[in-house]
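The structure appears right after this line, and notes come after that.
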Amino acid sequence: MHERKRQLRDIIAAKSLTRGGDFKLASGVTSAYYFNMKPSVMDPDGARLTGELILEAVTGIEFDCVGGMALGAVPIVTSVAQTSAGSARPLPGFMVRKEVKERGTEKQVEGNLVPGGNVLIVEDVTTTGGSAMQAVEAVKREGDGKVSVVVTVVDRLEGAEEAFAKEGIRLISILTREDFED
């Protein structure tokens with residue numbers, strides 16, 4: 001594991017990983033450990049490392065924008081967008097609401113989704129991939145976007161890669177559950 005990944009892993013282990021409980025996950029399953037990634041991806045070094053490592057992971061793949069589900073992906077989208085500023089490929093960001101807003105423009109996707117563009121979806125923690133797939137469907141529905149890659153900060157290794165593969169989407173993991181095992 002290279003130094004920046006090790007640094008991010010250490011931040012996550014210190015700020016975001018809780019062990020020894022009976023935690024219900026978004027997928028509906030329970031686990032003895034839980035990743036609450038917000039403290040890590042909102043930490044100055046955690047945010048910087050997250051943006052850098054995600055952009056490094058997708059080097060050579062062309063994207064027009066980056067987005068993900070509210071609330072977990074929002075700081076990650078912001079980090080990636082900010083890190084990409086001034087580069088050869090700046091990536092504007094957007095977020096996908098869990099539900100369609102019932103006032104104003106009544107959109108589920110807010111921000112800078114590029115219509116018909118190649119879209120990078122990011123996620124904080126991936127279990128089965130259900131949350132990211134909600135983002136993928138919203139991007140297709142509201143912006144005719146094309147999603148070929150999802151990047152997650154931590155993959156719990158519980159089926160997301162296979163689920164995405166069935167949809168022709170590649171999952172790239174910065175870290176996996178195994179990186180946190182003693």
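So you can find residues: chains in the structure tokens are A, B, ... in the order shown, residues in each start at 1, and ligands are numbered from 1 in order.
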
Mind checking which residues fall within 12 Å of Asp64 of chain A, counting only C-alpha atoms, ignoring those fewer than 4 positions away in the same chain, and posting them as an mmCIF file with C-alpha atoms, in the first residue's frame?
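Ended up saving to selection36.cif:
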data_model
loop_
_atom_site.group_PDB
_atom_site.id
_atom_site.type_symbol
_atom_site.label_atom_id
_atom_site.label_comp_id
_atom_site.auth_asym_id
_atom_site.auth_seq_id
_atom_site.Cartn_x
_atom_site.Cartn_y
_atom_site.Cartn_z
ATOM 1 C CA ALA A 81 -14.152 18.707 -7.968
ATOM 2 C CA SER A 84 -9.477 18.715 -10.241
ATOM 3 C CA ALA A 88 -6.363 19.389 -17.736
ATOM 4 C CA ARG A 89 -9.717 17.841 -16.824
ATOM 5 C CA PRO A 90 -11.655 19.837 -14.243
ATOM 6 C CA LEU A 91 -14.726 17.917 -13.052
ATOM 7 C CA PRO A 92 -17.783 19.897 -11.975
ATOM 8 C CA GLY A 93 -19.825 18.205 -9.274
ATOM 9 C CA PHE A 94 -23.446 17.348 -8.578
ATOM 10 C CA ASN A 112 -23.494 20.460 -12.457
ATOM 11 C CA LEU A 113 -24.562 17.230 -14.157
ATOM 12 C CA VAL A 114 -23.415 17.462 -17.771
ATOM 13 C CA PRO A 115 -26.340 16.312 -19.972
ATOM 14 C CA GLY A 116 -25.354 13.269 -22.020
ATOM 15 C CA GLY A 117 -21.907 13.276 -20.406
ATOM 16 C CA ASN A 118 -19.603 10.599 -19.117
ATOM 17 C CA VAL A 119 -20.270 10.618 -15.389
ATOM 18 C CA LEU A 120 -18.095 9.468 -12.500
ATOM 19 C CA ILE A 121 -20.126 8.340 -9.486
ATOM 20 C CA GLY A 145 -25.665 10.473 -18.520
ATOM 21 C CA LYS A 146 -23.399 7.511 -19.106
ATOM 22 C CA VAL A 147 -21.883 5.831 -16.049
#

DSSP-assigned strand (DSSP E or B) among segment 35-161 of chain A, expressed as a ChimeraX atom specification: /A:35,65-69,93-96,109-111,118-126,146-155

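Atom CA of Ser31 of chain A is found 20.9 Å from atom CA of Asp10 of chain A.
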
Pick from A:Leu8, A:Val136, A:Ala32, A:Ala26 nearest to Pro44 of chain A, counting only C-alpha atoms: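 Looking at the shortest contact to Pro44 of chain A, the residue is A:Leu8.
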
Residues flagged alpha helix (DSSP H) by DSSP in segment 106-155 of chain A, as JSON, numbers by chain: {"A": [130, 131, 132, 133, 134, 135, 136, 137, 138, 139, 140, 141, 142, 143]}

Report as CSV the residues of segment 52-166 of chain A within 7 Å of segment 172-177 of chain A, each with its shortest atom pair and distance in Å (one decimal), using only C-alpha atoms, ordered by chain and increasing residue number.
residue,atom,partner,partner_atom,distance
A:Val150,CA,A:Ile172,CA,6.3
A:Val151,CA,A:Ile172,CA,4.7
A:Thr152,CA,A:Ser173,CA,5.0
A:Val153,CA,A:Ile174,CA,5.0
A:Val154,CA,A:Leu175,CA,4.8
A:Asp155,CA,A:Thr176,CA,4.6
A:Arg156,CA,A:Arg177,CA,4.9
A:Leu157,CA,A:Arg177,CA,6.7

For the selection just defined, write its residues with N, CA and C atoms to a file, as a PDB file, in the first residue's frame.
ATOM      1  N   VAL A 150     -17.795   3.514 -10.974  1.00  0.00           N
ATOM      2  CA  VAL A 150     -18.116   4.005  -9.630  1.00  0.00           C
ATOM      3  C   VAL A 150     -16.839   3.843  -8.818  1.00  0.00           C
ATOM      4  N   VAL A 151     -16.451   4.899  -8.096  1.00  0.00           N
ATOM      5  CA  VAL A 151     -15.303   4.809  -7.192  1.00  0.00           C
ATOM      6  C   VAL A 151     -15.819   4.931  -5.769  1.00  0.00           C
ATOM      7  N   THR A 152     -15.407   4.002  -4.925  1.00  0.00           N
ATOM      8  CA  THR A 152     -15.768   4.044  -3.518  1.00  0.00           C
ATOM      9  C   THR A 152     -14.513   4.219  -2.682  1.00  0.00           C
ATOM     10  N   VAL A 153     -14.641   4.922  -1.584  1.00  0.00           N
ATOM     11  CA  VAL A 153     -13.502   5.080  -0.685  1.00  0.00           C
ATOM     12  C   VAL A 153     -13.237   3.751   0.024  1.00  0.00           C
ATOM     13  N   VAL A 154     -14.287   3.105   0.533  1.00  0.00           N
ATOM     14  CA  VAL A 154     -14.138   1.802   1.196  1.00  0.00           C
ATOM     15  C   VAL A 154     -15.180   0.830   0.653  1.00  0.00           C
ATOM     16  N   ASP A 155     -14.710  -0.297   0.155  1.00  0.00           N
ATOM     17  CA  ASP A 155     -15.598  -1.380  -0.287  1.00  0.00           C
ATOM     18  C   ASP A 155     -15.633  -2.431   0.825  1.00  0.00           C
ATOM     19  N   ARG A 156     -16.824  -2.702   1.318  1.00  0.00           N
ATOM     20  CA  ARG A 156     -16.980  -3.708   2.381  1.00  0.00           C
ATOM     21  C   ARG A 156     -16.867  -5.137   1.827  1.00  0.00           C
ATOM     22  N   LEU A 157     -16.736  -5.283   0.498  1.00  0.00           N
ATOM     23  CA  LEU A 157     -16.572  -6.587  -0.152  1.00  0.00           C
ATOM     24  C   LEU A 157     -17.767  -7.502   0.102  1.00  0.00           C
TER      25      LEU A 157
END

8 Å contact set for segment 17-24 of chain A, only C-alpha atoms, chain neighbours under 6 positions out, as an MDAnalysis selection string: chainID A and resid 30:37

Proximity to Leu171 of chain A - best of A:Val74, A:Ile11, A:Ala57, A:Ala85, only C-alpha atoms: A:Ala57

Among listed residues A:Gly143, A:Arg103, A:Ala160, A:Glu52, nearest Cys65 of chain A (using only C-alpha atoms):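 Among the listed residues, the smallest separation from Cys65 of chain A belongs to A:Gly143.
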